[in-house]
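Chemist: Structure file structure.pdb, PDB, C-alpha atoms and all ligand atoms, is pasted below:
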ATOM      1  CA  MET T   1       0.000   0.000   0.000
ATOM      2  CA  LEU T   2       1.196   3.527  -0.727
ATOM      3  CA  TYR T   3       1.250   4.866   2.801
ATOM      4  CA  GLN T   4       2.921   8.165   1.859
ATOM      5  CA  GLN T   5      -0.049   8.926  -0.388
ATOM      6  CA  VAL T   6      -2.435   7.977   2.411
ATOM      7  CA  LEU T   7      -0.624  10.402   4.763
ATOM      8  CA  GLN T   8      -0.768  13.144   2.126
ATOM      9  CA  GLN T   9      -4.504  12.628   1.707
ATOM     10  CA  ILE T  10      -5.049  12.732   5.484
ATOM     11  CA  PHE T  11      -2.955  15.913   5.723
ATOM     12  CA  LYS T  12      -5.151  17.486   3.026
ATOM     13  CA  ASP T  13      -8.367  16.329   4.706
ATOM     14  CA  ILE T  14      -7.509  17.766   8.105
ATOM     15  CA  GLN T  15      -6.403  21.227   6.853
ATOM     16  CA  PRO T  16      -9.820  22.902   7.426
ATOM     17  CA  LEU T  17      -9.824  21.590  11.010
ATOM     18  CA  LEU T  18      -6.320  22.749  12.018
ATOM     19  CA  GLY T  19      -6.273  24.660  15.294
ATOM     20  CA  GLN T  20      -9.461  23.089  16.651
ATOM     21  CA  GLY T  21      -9.556  21.692  20.183
ATOM     22  CA  LYS T  22      -8.100  23.106  23.388
ATOM     23  CA  VAL T  23      -4.424  22.880  24.307
ATOM     24  CA  ALA T  24      -3.826  21.424  27.811
ATOM     25  CA  ASP T  25      -3.353  24.544  29.905
ATOM     26  CA  TYR T  26      -3.436  23.009  33.387
ATOM     27  CA  ILE T  27       0.291  22.417  32.832
ATOM     28  CA  PRO T  28       1.486  26.016  32.263
ATOM     29  CA  ALA T  29       4.450  25.015  30.069
ATOM     30  CA  LEU T  30       2.064  23.298  27.630
ATOM     31  CA  ALA T  31      -0.383  26.208  27.423
ATOM     32  CA  LYS T  32       1.791  28.118  24.947
ATOM     33  CA  ILE T  33       2.040  25.376  22.286
ATOM     34  CA  ASP T  34       0.714  26.356  18.841
ATOM     35  CA  PRO T  35      -2.574  24.400  18.404
ATOM     36  CA  SER T  36      -2.265  24.335  14.612
ATOM     37  CA  LYS T  37       0.655  21.871  14.616
ATOM     38  CA  PHE T  38       0.104  18.486  12.989
ATOM     39  CA  GLY T  39       2.522  15.630  12.365
ATOM     40  CA  MET T  40       2.161  11.943  11.633
ATOM     41  CA  SER T  41       4.615   9.086  11.200
ATOM     42  CA  ILE T  42       4.438   5.386  10.379
ATOM     43  CA  HIS T  43       7.083   2.695  10.894
ATOM     44  CA  THR T  44       6.355  -0.748   9.487
ATOM     45  CA  VAL T  45       7.646  -4.051  10.804
ATOM     46  CA  SER T  46       9.141  -4.659   7.356
ATOM     47  CA  GLY T  47      11.372  -1.581   7.728
ATOM     48  CA  GLU T  48       9.515   1.131   5.816
ATOM     49  CA  LYS T  49       8.897   4.592   7.244
ATOM     50  CA  PHE T  50       6.647   7.438   6.221
ATOM     51  CA  SER T  51       5.911  10.842   7.708
ATOM     52  CA  ILE T  52       4.165  14.135   7.068
ATOM     53  CA  GLY T  53       3.747  17.658   8.458
ATOM     54  CA  ASP T  54       5.453  18.467  11.764
ATOM     55  CA  ALA T  55       6.582  14.859  12.294
ATOM     56  CA  LYS T  56      10.126  15.994  13.153
ATOM     57  CA  GLU T  57       9.094  18.542  15.768
ATOM     58  CA  ASN T  58       9.475  17.567  19.421
ATOM     59  CA  PHE T  59       6.500  17.718  21.771
ATOM     60  CA  SER T  60       5.738  16.621  25.308
ATOM     61  CA  ILE T  61       4.722  12.963  25.170
ATOM     62  CA  GLN T  62       3.026  13.066  28.600
ATOM     63  CA  SER T  63       0.961   9.923  29.267
ATOM     64  CA  ILE T  64       2.396   8.015  26.310
ATOM     65  CA  SER T  65       5.434   7.586  28.595
ATOM     66  CA  LYS T  66       3.302   5.305  30.768
ATOM     67  CA  ILE T  67       3.976   2.580  28.176
ATOM     68  CA  TYR T  68       7.753   2.773  28.753
ATOM     69  CA  THR T  69       7.461   2.529  32.543
ATOM     70  CA  LEU T  70       4.975  -0.321  32.235
ATOM     71  CA  VAL T  71       7.435  -2.172  29.986
ATOM     72  CA  LEU T  72      10.143  -1.755  32.646
ATOM     73  CA  ALA T  73       7.802  -2.890  35.442
ATOM     74  CA  MET T  74       6.391  -5.870  33.483
ATOM     75  CA  ALA T  75       9.898  -7.009  32.614
ATOM     76  CA  GLN T  76      10.778  -7.028  36.350
ATOM     77  CA  ASP T  77       7.804  -9.008  37.613
ATOM     78  CA  ASN T  78       4.550  -9.350  35.727
ATOM     79  CA  VAL T  79       2.693 -11.103  38.537
ATOM     80  CA  SER T  80       2.885  -9.007  41.693
ATOM     81  CA  ILE T  81       2.256  -5.671  39.952
ATOM     82  CA  TRP T  82      -1.332  -6.755  39.310
ATOM     83  CA  ASP T  83      -1.965  -6.989  43.079
ATOM     84  CA  ARG T  84      -1.340  -3.244  43.182
ATOM     85  CA  VAL T  85      -3.061  -2.007  40.025
ATOM     86  CA  GLY T  86      -6.114  -3.228  38.079
ATOM     87  CA  ARG T  87      -6.728  -3.914  34.409
ATOM     88  CA  GLU T  88     -10.131  -2.307  33.879
ATOM     89  CA  PRO T  89     -11.149   0.933  32.174
ATOM     90  CA  SER T  90     -11.862   3.499  34.873
ATOM     91  CA  GLY T  91     -14.885   5.253  33.380
ATOM     92  CA  SER T  92     -13.605   8.402  35.119
ATOM     93  CA  LYS T  93     -11.211  11.202  34.259
ATOM     94  CA  PHE T  94      -7.531  10.238  34.106
ATOM     95  CA  ASN T  95      -6.717  12.321  37.185
ATOM     96  CA  SER T  96      -9.786  11.489  39.281
ATOM     97  CA  LEU T  97      -9.390  10.676  42.980
ATOM     98  CA  VAL T  98     -12.887   9.350  43.601
ATOM     99  CA  GLN T  99     -12.448   5.628  42.885
ATOM    100  CA  LEU T 100      -9.291   5.401  44.971
ATOM    101  CA  GLU T 101     -11.238   5.940  48.182
ATOM    102  CA  TYR T 102     -13.741   3.126  47.750
ATOM    103  CA  GLU T 103     -11.295   0.791  45.994
ATOM    104  CA  SER T 104      -8.763   1.000  48.854
ATOM    105  CA  GLY T 105      -6.000   2.792  46.986
ATOM    106  CA  ILE T 106      -5.799   0.265  44.111
ATOM    107  CA  PRO T 107      -6.031   2.210  40.832
ATOM    108  CA  ARG T 108      -8.194   0.779  38.069
ATOM    109  CA  ASN T 109      -5.419   0.506  35.445
ATOM    110  CA  PRO T 110      -1.783   1.491  34.784
ATOM    111  CA  PHE T 111      -2.681   4.277  32.344
ATOM    112  CA  ILE T 112      -4.696   6.587  34.588
ATOM    113  CA  ASN T 113      -2.462   8.858  36.646
ATOM    114  CA  ALA T 114      -2.841   6.928  39.926
ATOM    115  CA  GLY T 115      -2.032   3.633  38.184
ATOM    116  CA  ALA T 116       0.990   5.195  36.517
ATOM    117  CA  HIS T 117       2.210   6.426  39.915
ATOM    118  CA  VAL T 118       2.155   2.835  41.200
ATOM    119  CA  ILE T 119       4.046   1.622  38.119
ATOM    120  CA  THR T 120       6.595   4.422  38.494
ATOM    121  CA  ASP T 121       6.916   3.501  42.184
ATOM    122  CA  ILE T 122       7.817  -0.063  41.063
ATOM    123  CA  VAL T 123      10.392   1.358  38.630
ATOM    124  CA  ASN T 124      11.770   3.505  41.476
ATOM    125  CA  SER T 125      12.152   0.380  43.634
ATOM    126  CA  SER T 126      13.833  -1.543  40.811
ATOM    127  CA  TYR T 127      16.455   0.960  39.635
ATOM    128  CA  ASP T 128      18.975   3.132  41.515
ATOM    129  CA  SER T 129      18.476   5.811  38.904
ATOM    130  CA  PRO T 130      14.949   5.390  37.530
ATOM    131  CA  LYS T 131      15.110   8.476  35.319
ATOM    132  CA  SER T 132      18.258   7.129  33.621
ATOM    133  CA  ALA T 133      16.644   3.697  33.216
ATOM    134  CA  ILE T 134      13.627   5.207  31.442
ATOM    135  CA  LEU T 135      15.812   7.382  29.220
ATOM    136  CA  SER T 136      18.062   4.414  28.322
ATOM    137  CA  LEU T 137      15.032   2.386  27.268
ATOM    138  CA  VAL T 138      13.745   5.266  25.122
ATOM    139  CA  HIS T 139      17.205   5.743  23.546
ATOM    140  CA  LYS T 140      17.437   2.052  22.720
ATOM    141  CA  LEU T 141      13.923   1.807  21.281
ATOM    142  CA  SER T 142      14.091   5.000  19.217
ATOM    143  CA  GLN T 143      17.785   4.659  18.358
ATOM    144  CA  ASN T 144      17.986   8.385  18.967
ATOM    145  CA  LEU T 145      20.404   9.293  21.751
ATOM    146  CA  THR T 146      19.506  12.996  21.655
ATOM    147  CA  ILE T 147      16.085  12.448  23.263
ATOM    148  CA  ASN T 148      15.888  14.032  26.701
ATOM    149  CA  TYR T 149      13.588  15.301  29.422
ATOM    150  CA  ASP T 150      12.282  18.850  28.947
ATOM    151  CA  GLN T 151      13.227  20.320  32.316
ATOM    152  CA  GLN T 152      10.926  23.291  31.878
ATOM    153  CA  VAL T 153       7.894  21.029  31.448
ATOM    154  CA  ALA T 154       8.967  18.791  34.352
ATOM    155  CA  SER T 155       9.364  21.825  36.654
ATOM    156  CA  SER T 156       6.061  23.265  35.493
ATOM    157  CA  GLU T 157       4.310  20.021  36.485
ATOM    158  CA  GLN T 158       6.232  19.819  39.735
ATOM    159  CA  GLU T 159       5.041  23.311  40.670
ATOM    160  CA  THR T 160       1.409  22.787  39.742
ATOM    161  CA  GLY T 161       0.936  19.031  40.301
ATOM    162  CA  ASN T 162      -1.091  19.268  43.508
ATOM    163  CA  ARG T 163      -3.630  16.738  42.293
ATOM    164  CA  ASN T 164      -0.878  14.216  41.514
ATOM    165  CA  TYR T 165       0.646  14.791  44.981
ATOM    166  CA  ALA T 166      -2.768  14.324  46.606
ATOM    167  CA  MET T 167      -3.360  11.084  44.706
ATOM    168  CA  CYS T 168       0.053   9.654  45.432
ATOM    169  CA  TYR T 169      -0.050  10.494  49.167
ATOM    170  CA  PHE T 170      -3.549   9.028  49.321
ATOM    171  CA  MET T 171      -2.308   5.724  47.844
ATOM    172  CA  LYS T 172       0.634   5.784  50.246
ATOM    173  CA  SER T 173      -1.871   5.941  53.116
ATOM    174  CA  PHE T 174      -3.182   2.566  51.843
ATOM    175  CA  GLY T 175       0.390   1.219  51.614
ATOM    176  CA  ASN T 176       0.290   1.114  47.804
ATOM    177  CA  ILE T 177       3.213   3.500  47.271
ATOM    178  CA  LYS T 178       6.462   2.161  48.764
ATOM    179  CA  ASN T 179       8.905   4.984  48.041
ATOM    180  CA  ASP T 180       9.002   8.618  49.051
ATOM    181  CA  VAL T 181       6.143  10.387  47.228
ATOM    182  CA  TYR T 182       8.354  13.288  46.179
ATOM    183  CA  LYS T 183      10.841  10.879  44.547
ATOM    184  CA  VAL T 184       8.123   8.868  42.774
ATOM    185  CA  LEU T 185       6.559  12.021  41.368
ATOM    186  CA  ASP T 186       9.928  13.450  40.386
ATOM    187  CA  THR T 187      10.365  10.399  38.134
ATOM    188  CA  TYR T 188       6.736  10.613  36.974
ATOM    189  CA  PHE T 189       6.905  14.314  36.057
ATOM    190  CA  HIS T 190      10.130  13.713  34.155
ATOM    191  CA  GLN T 191       8.816  10.722  32.193
ATOM    192  CA  CYS T 192       5.776  12.815  31.192
ATOM    193  CA  ALA T 193       8.158  15.612  30.138
ATOM    194  CA  LEU T 194      10.051  13.462  27.620
ATOM    195  CA  ALA T 195      10.375  15.550  24.461
ATOM    196  CA  MET T 196      10.020  13.388  21.357
ATOM    197  CA  ASN T 197       8.714  13.697  17.828
ATOM    198  CA  CYS T 198       6.316  11.472  15.864
ATOM    199  CA  ILE T 199       9.169   9.683  14.086
ATOM    200  CA  ASP T 200      10.913   8.772  17.394
ATOM    201  CA  LEU T 201       7.644   7.713  18.943
ATOM    202  CA  SER T 202       6.401   5.430  16.197
ATOM    203  CA  LYS T 203       9.850   3.868  15.857
ATOM    204  CA  SER T 204      10.216   3.342  19.610
ATOM    205  CA  LEU T 205       6.928   1.467  19.978
ATOM    206  CA  LEU T 206       7.238  -0.702  16.868
ATOM    207  CA  PHE T 207       8.165  -3.712  19.051
ATOM    208  CA  LEU T 208       4.507  -3.744  20.206
ATOM    209  CA  ALA T 209       3.495  -4.495  16.602
ATOM    210  CA  ASN T 210       6.129  -7.241  16.382
ATOM    211  CA  GLU T 211       5.437  -9.588  19.312
ATOM    212  CA  GLY T 212       7.778  -7.670  21.654
ATOM    213  CA  VAL T 213      10.818  -7.760  19.319
ATOM    214  CA  MET T 214      12.480  -4.647  17.854
ATOM    215  CA  PRO T 215      12.476  -5.414  14.109
ATOM    216  CA  SER T 216      15.619  -3.365  13.379
ATOM    217  CA  THR T 217      17.875  -5.164  15.881
ATOM    218  CA  GLY T 218      16.023  -8.405  16.649
ATOM    219  CA  GLU T 219      16.194  -7.593  20.349
ATOM    220  CA  ASN T 220      13.427  -8.998  22.534
ATOM    221  CA  ILE T 221      12.094  -6.082  24.603
ATOM    222  CA  ILE T 222       9.270  -8.036  26.259
ATOM    223  CA  SER T 223       7.810 -11.492  25.719
ATOM    224  CA  LYS T 224       5.153 -12.028  23.054
ATOM    225  CA  LYS T 225       2.629 -12.686  25.814
ATOM    226  CA  ASN T 226       3.418  -9.394  27.554
ATOM    227  CA  SER T 227       3.350  -7.537  24.244
ATOM    228  CA  ASP T 228      -0.149  -8.945  23.605
ATOM    229  CA  ARG T 229      -1.189  -7.937  27.132
ATOM    230  CA  LEU T 230       0.134  -4.409  26.685
ATOM    231  CA  ASN T 231      -1.825  -4.062  23.445
ATOM    232  CA  ALA T 232      -4.937  -5.316  25.267
ATOM    233  CA  LEU T 233      -4.443  -2.708  28.003
ATOM    234  CA  MET T 234      -4.003   0.029  25.401
ATOM    235  CA  LEU T 235      -7.190  -1.050  23.618
ATOM    236  CA  THR T 236      -9.240  -1.050  26.817
ATOM    237  CA  CYS T 237      -7.597   1.725  28.887
ATOM    238  CA  GLY T 238      -5.309   3.783  26.619
ATOM    239  CA  MET T 239      -7.573   6.592  25.440
ATOM    240  CA  TYR T 240      -8.842   8.113  28.684
ATOM    241  CA  ASP T 241     -12.556   8.189  29.158
ATOM    242  CA  ALA T 242     -13.215   7.979  25.406
ATOM    243  CA  VAL T 243     -11.706   4.527  24.984
ATOM    244  CA  GLY T 244     -14.989   2.937  23.864
ATOM    245  CA  ASP T 245     -15.620   5.595  21.237
ATOM    246  CA  PHE T 246     -12.026   5.241  20.008
ATOM    247  CA  ALA T 247     -12.355   1.450  19.720
ATOM    248  CA  TYR T 248     -15.642   1.899  17.859
ATOM    249  CA  ARG T 249     -14.287   4.458  15.407
ATOM    250  CA  ILE T 250     -10.689   3.287  14.975
ATOM    251  CA  GLY T 251     -10.356  -0.196  16.422
ATOM    252  CA  LEU T 252      -6.647  -0.142  17.244
ATOM    253  CA  PRO T 253      -4.721  -0.379  20.529
ATOM    254  CA  ALA T 254      -3.546   3.177  21.270
ATOM    255  CA  LYS T 255      -2.248   5.485  23.964
ATOM    256  CA  SER T 256      -2.636   9.222  24.068
ATOM    257  CA  GLY T 257      -1.134  12.044  26.111
ATOM    258  CA  VAL T 258      -2.350  15.538  26.983
ATOM    259  CA  GLY T 259       0.526  16.965  24.907
ATOM    260  CA  GLY T 260      -1.610  15.977  21.892
ATOM    261  CA  GLY T 261       0.256  12.826  20.880
ATOM    262  CA  ILE T 262      -1.322   9.433  20.133
ATOM    263  CA  VAL T 263       0.452   6.180  19.296
ATOM    264  CA  ALA T 264      -1.572   3.392  17.662
ATOM    265  CA  ILE T 265      -0.447  -0.157  16.940
ATOM    266  CA  VAL T 266      -1.493  -2.324  13.995
ATOM    267  CA  PRO T 267      -0.419  -5.729  15.332
ATOM    268  CA  GLY T 268       1.929  -7.577  12.994
ATOM    269  CA  GLU T 269       2.249  -4.559  10.726
ATOM    270  CA  MET T 270       3.089  -1.091  12.002
ATOM    271  CA  SER T 271       3.213   1.589  14.629
ATOM    272  CA  ILE T 272       1.666   5.006  13.937
ATOM    273  CA  ALA T 273       2.300   8.241  15.846
ATOM    274  CA  VAL T 274       0.288  11.395  15.369
ATOM    275  CA  TRP T 275       0.553  14.779  17.075
ATOM    276  CA  SER T 276      -1.799  17.726  17.158
ATOM    277  CA  PRO T 277      -2.004  19.692  20.432
ATOM    278  CA  GLY T 278      -5.702  20.693  20.390
ATOM    279  CA  LEU T 279      -7.582  18.290  22.683
ATOM    280  CA  SER T 280     -11.183  17.119  22.821
ATOM    281  CA  THR T 281     -13.086  17.339  26.122
ATOM    282  CA  SER T 282     -11.899  13.791  26.918
ATOM    283  CA  GLY T 283      -8.232  14.923  26.715
ATOM    284  CA  ASN T 284      -7.405  13.144  23.447
ATOM    285  CA  SER T 285      -5.962  15.001  20.477
ATOM    286  CA  LEU T 286      -8.956  16.017  18.374
ATOM    287  CA  LEU T 287      -7.180  15.999  15.015
ATOM    288  CA  GLY T 288      -4.972  13.079  16.011
ATOM    289  CA  THR T 289      -8.080  10.978  16.577
ATOM    290  CA  LYS T 290      -9.593  12.240  13.311
ATOM    291  CA  ALA T 291      -6.381  11.436  11.410
ATOM    292  CA  LEU T 292      -6.305   7.882  12.781
ATOM    293  CA  GLU T 293      -9.952   7.436  11.849
ATOM    294  CA  LEU T 294      -9.194   8.581   8.294
ATOM    295  CA  PHE T 295      -6.186   6.239   8.193
ATOM    296  CA  VAL T 296      -8.331   3.263   9.155
ATOM    297  CA  ASN T 297     -11.033   4.271   6.674
ATOM    298  CA  TYR T 298      -8.517   4.589   3.813
ATOM    299  CA  THR T 299      -6.498   1.459   4.583
ATOM    300  CA  GLY T 300      -8.915  -0.888   6.372
ATOM    301  CA  LYS T 301      -6.176  -1.495   8.987
ATOM    302  CA  THR T 302      -8.080  -2.276  12.142
ATOM    303  CA  ILE T 303      -7.918  -5.268  14.436
ATOM    304  CA  PHE T 304     -11.617  -6.021  13.933
TER
HETATM  305  N1  LIG N 401       1.580  14.695  33.349
HETATM  306  C1  LIG N 401       0.167  14.690  33.122
HETATM  307  C2  LIG N 401      -0.562  14.672  34.444
HETATM  308  O1  LIG N 401      -0.065  14.088  35.371
HETATM  309  C3  LIG N 401      -0.149  13.481  32.305
HETATM  310  C4  LIG N 401      -1.535  13.533  31.821
HETATM  311  C5  LIG N 401      -1.759  12.772  30.575
HETATM  312  O2  LIG N 401      -1.065  12.934  29.567
HETATM  313  O3  LIG N 401      -2.676  11.952  30.613
HETATM  314  O4  LIG N 401      -1.610  15.221  34.584
END
Turn this file's structure into structure tokens for me.

Modeler:
Amino acid sequence: MLYQQVLQQIFKDIQPLLGQGKVADYIPALAKIDPSKFGMSIHTVSGEKFSIGDAKENFSIQSISKIYTLVLAMAQDNVSIWDRVGREPSGSKFNSLVQLEYESGIPRNPFINAGAHVITDIVNSSYDSPKSAILSLVHKLSQNLTINYDQQVASSEQETGNRNYAMCYFMKSFGNIKNDVYKVLDTYFHQCALAMNCIDLSKSLLFLANEGVMPSTGENIISKKNSDRLNALMLTCGMYDAVGDFAYRIGLPAKSGVGGGIVAIVPGEMSIAVWSPGLSTSGNSLLGTKALELFVNYTGKTIF
């Protein structure tokens, strides 16, 4: 299939919609991003790559980073982590505190903020330098050693992250956070502040389309079983509170972030990254979702 032509058509289709949606402004450093940006990139398991628009421009990957920390935690011990975090869609906002009270500090899934805190806590327990461990994984997967944390974004979240602090302390009161809350959230704010572009992102998550193996090097990042499980979690919990609508319209495992990025996996075939900072009310990139819907409509690439 001529994927470059498909990307060109999508780019044409979305032009009248550019700038729609609302940039995440609860993180002050993200509030100033130009909402009319749009980039998209595809990496195939067979080694092809395609991109369009602002695909080379770095943005804040935010919650997409929760995949990297989950990979590190699953590789350590994929049994005991599930005593501390669930595997169900939450049906609530990604930063909601409500369920934690009546579910005794066990977050519904690893992709809502509370669940990601628990996963990052596990990474903090497993590595002397968790921030370096995350960055090393990202460097290996993307094969781009220039990727780094955006300190300005990390500080901005640190200064305004009262809700994350509240959530993490609350879980600690149930014994579900083992490390110092400040240290866990320092790692968490940094992972969210990873600055990457669409090309890096789609390349780095291609192993999820290839049974856990990086096609370019043959390295096994996680087992096939865990790669399948991660895709299942993305399909059911990866798109905030709009995960059902996303599965209905697009039908691919995906993970989004409030920076406007979305990564979608076509199992056995490719990884797709799209970025457009304007968000829908559910917190997903409005044009990113639209672009993925157009992609599926043009190519028929869906898991259903
Ligand atoms: N760093 C953001 C927060 O903690 C992540 C939100 C997201 O991308 O879902 O609110």

Chemist: Put the listed atoms of ligand LIG 401 (chain N) in a box along x, y and z with 5 Å added on every side and give me the centre and edge lengths in Å to one decimal, as JSON.

Modeler:
{"center_x": -0.5, "center_y": 13.6, "center_z": 32.5, "size_x": 14.3, "size_y": 13.3, "size_z": 15.8}

Chemist: Taking the file above as input, evaluate the PyMOL selection byres (((not hetatm)) within 8 of (chain N and resi 401)) and report the hits as a PyMOL selection string.

Modeler: chain T and resi 27+61-64+94-95+111-113+157+161+164+188-189+192-193+240+256-259+283

Chemist: Could you jot down the CA of Ala114 (chain T) to CA of Asp150 (chain T) separation for me, Å, one decimal place?

Modeler: 22.2 Å

Chemist: Show which residues sit within 9 Å of Cys168 (chain T), as a count of residues only. Count only C-alpha atoms, and ignore same-chain residues fewer than 5 positions away.

Modeler: 10

Chemist: Measuring atom to atom with all atoms listed in the file, identify which of T:Ala242, T:Ala55, T:Leu70, T:Val138 is nearest to Ile272 (chain T).

Modeler: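 Once distances to Ile272 (chain T) are computed over all atoms listed in the file, the minimum belongs to T:Ala55.
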
Chemist: Please write the residues picked by the PyMOL selection byres (((chain T and resi 235) around 10) and not hetatm) on this file as a ChimeraX atom specification.

Modeler: /T:89,229-234,236-239,243-244,246-247,251-255,264-265

Chemist: Have a look at CA of Ser46 (chain T) and CA of Ser271 (chain T) and let me know their distance in Å, one decimal.

Modeler: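 Computing the Euclidean distance for CA of Ser46 (chain T) and CA of Ser271 (chain T) yields 11.3 Å.
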
Chemist: What separation in Å, quoted to one decimal, exists between CA of Pro28 (chain T) and CA of Asp241 (chain T)?

Modeler: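 We find that CA of Pro28 (chain T) and CA of Asp241 (chain T) lie 22.9 Å from each other.
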
Chemist: Which is closer to Val153 (chain T) than all the others in T:Glu48, T:Lys178, T:Leu30, T:Gly268, using all atoms listed in the file?

Modeler: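 Selected residue with least distance to Val153 (chain T): T:Leu30.
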
Chemist: Carefully work through the PyMOL selection byres (((chain T and resi 8) around 12) and not hetatm) for this structure and note down the residues it includes, as JSON, numbers by chain.

Modeler: {"T": [2, 3, 4, 5, 6, 7, 9, 10, 11, 12, 13, 14, 15, 39, 40, 41, 50, 51, 52, 53, 291, 294, 295, 298]}

Chemist: For region 11-22 of chain T, supply N, CA and C atoms and format the output as an mmCIF file, in the coordinates of the input.

Modeler:
data_model
loop_
_atom_site.group_PDB
_atom_site.id
_atom_site.type_symbol
_atom_site.label_atom_id
_atom_site.label_comp_id
_atom_site.auth_asym_id
_atom_site.auth_seq_id
_atom_site.Cartn_x
_atom_site.Cartn_y
_atom_site.Cartn_z
ATOM 1 N N PHE T 11 -3.442 14.554 5.450
ATOM 2 C CA PHE T 11 -2.955 15.913 5.723
ATOM 3 C C PHE T 11 -3.846 16.946 5.020
ATOM 4 N N LYS T 12 -4.260 16.604 3.801
ATOM 5 C CA LYS T 12 -5.151 17.486 3.026
ATOM 6 C C LYS T 12 -6.528 17.561 3.724
ATOM 7 N N ASP T 13 -7.025 16.394 4.106
ATOM 8 C CA ASP T 13 -8.367 16.329 4.706
ATOM 9 C C ASP T 13 -8.473 17.135 6.003
ATOM 10 N N ILE T 14 -7.385 17.129 6.777
ATOM 11 C CA ILE T 14 -7.509 17.766 8.105
ATOM 12 C C ILE T 14 -7.230 19.283 8.065
ATOM 13 N N GLN T 15 -6.759 19.801 6.919
ATOM 14 C CA GLN T 15 -6.403 21.227 6.853
ATOM 15 C C GLN T 15 -7.507 22.168 7.372
ATOM 16 N N PRO T 16 -8.787 21.962 6.948
ATOM 17 C CA PRO T 16 -9.820 22.902 7.426
ATOM 18 C C PRO T 16 -10.046 22.834 8.932
ATOM 19 N N LEU T 17 -9.578 21.769 9.573
ATOM 20 C CA LEU T 17 -9.824 21.590 11.010
ATOM 21 C C LEU T 17 -8.653 22.038 11.882
ATOM 22 N N LEU T 18 -7.521 22.401 11.242
ATOM 23 C CA LEU T 18 -6.320 22.749 12.018
ATOM 24 C C LEU T 18 -6.607 23.834 13.058
ATOM 25 N N GLY T 19 -6.091 23.649 14.245
ATOM 26 C CA GLY T 19 -6.273 24.660 15.294
ATOM 27 C C GLY T 19 -7.464 24.378 16.187
ATOM 28 N N GLN T 20 -8.298 23.415 15.800
ATOM 29 C CA GLN T 20 -9.461 23.089 16.651
ATOM 30 C C GLN T 20 -9.021 22.346 17.904
ATOM 31 N N GLY T 21 -9.874 22.362 18.917
ATOM 32 C CA GLY T 21 -9.556 21.692 20.183
ATOM 33 C C GLY T 21 -8.859 22.660 21.128
ATOM 34 N N LYS T 22 -8.651 22.209 22.364
ATOM 35 C CA LYS T 22 -8.100 23.106 23.388
ATOM 36 C C LYS T 22 -6.778 22.521 23.898
#
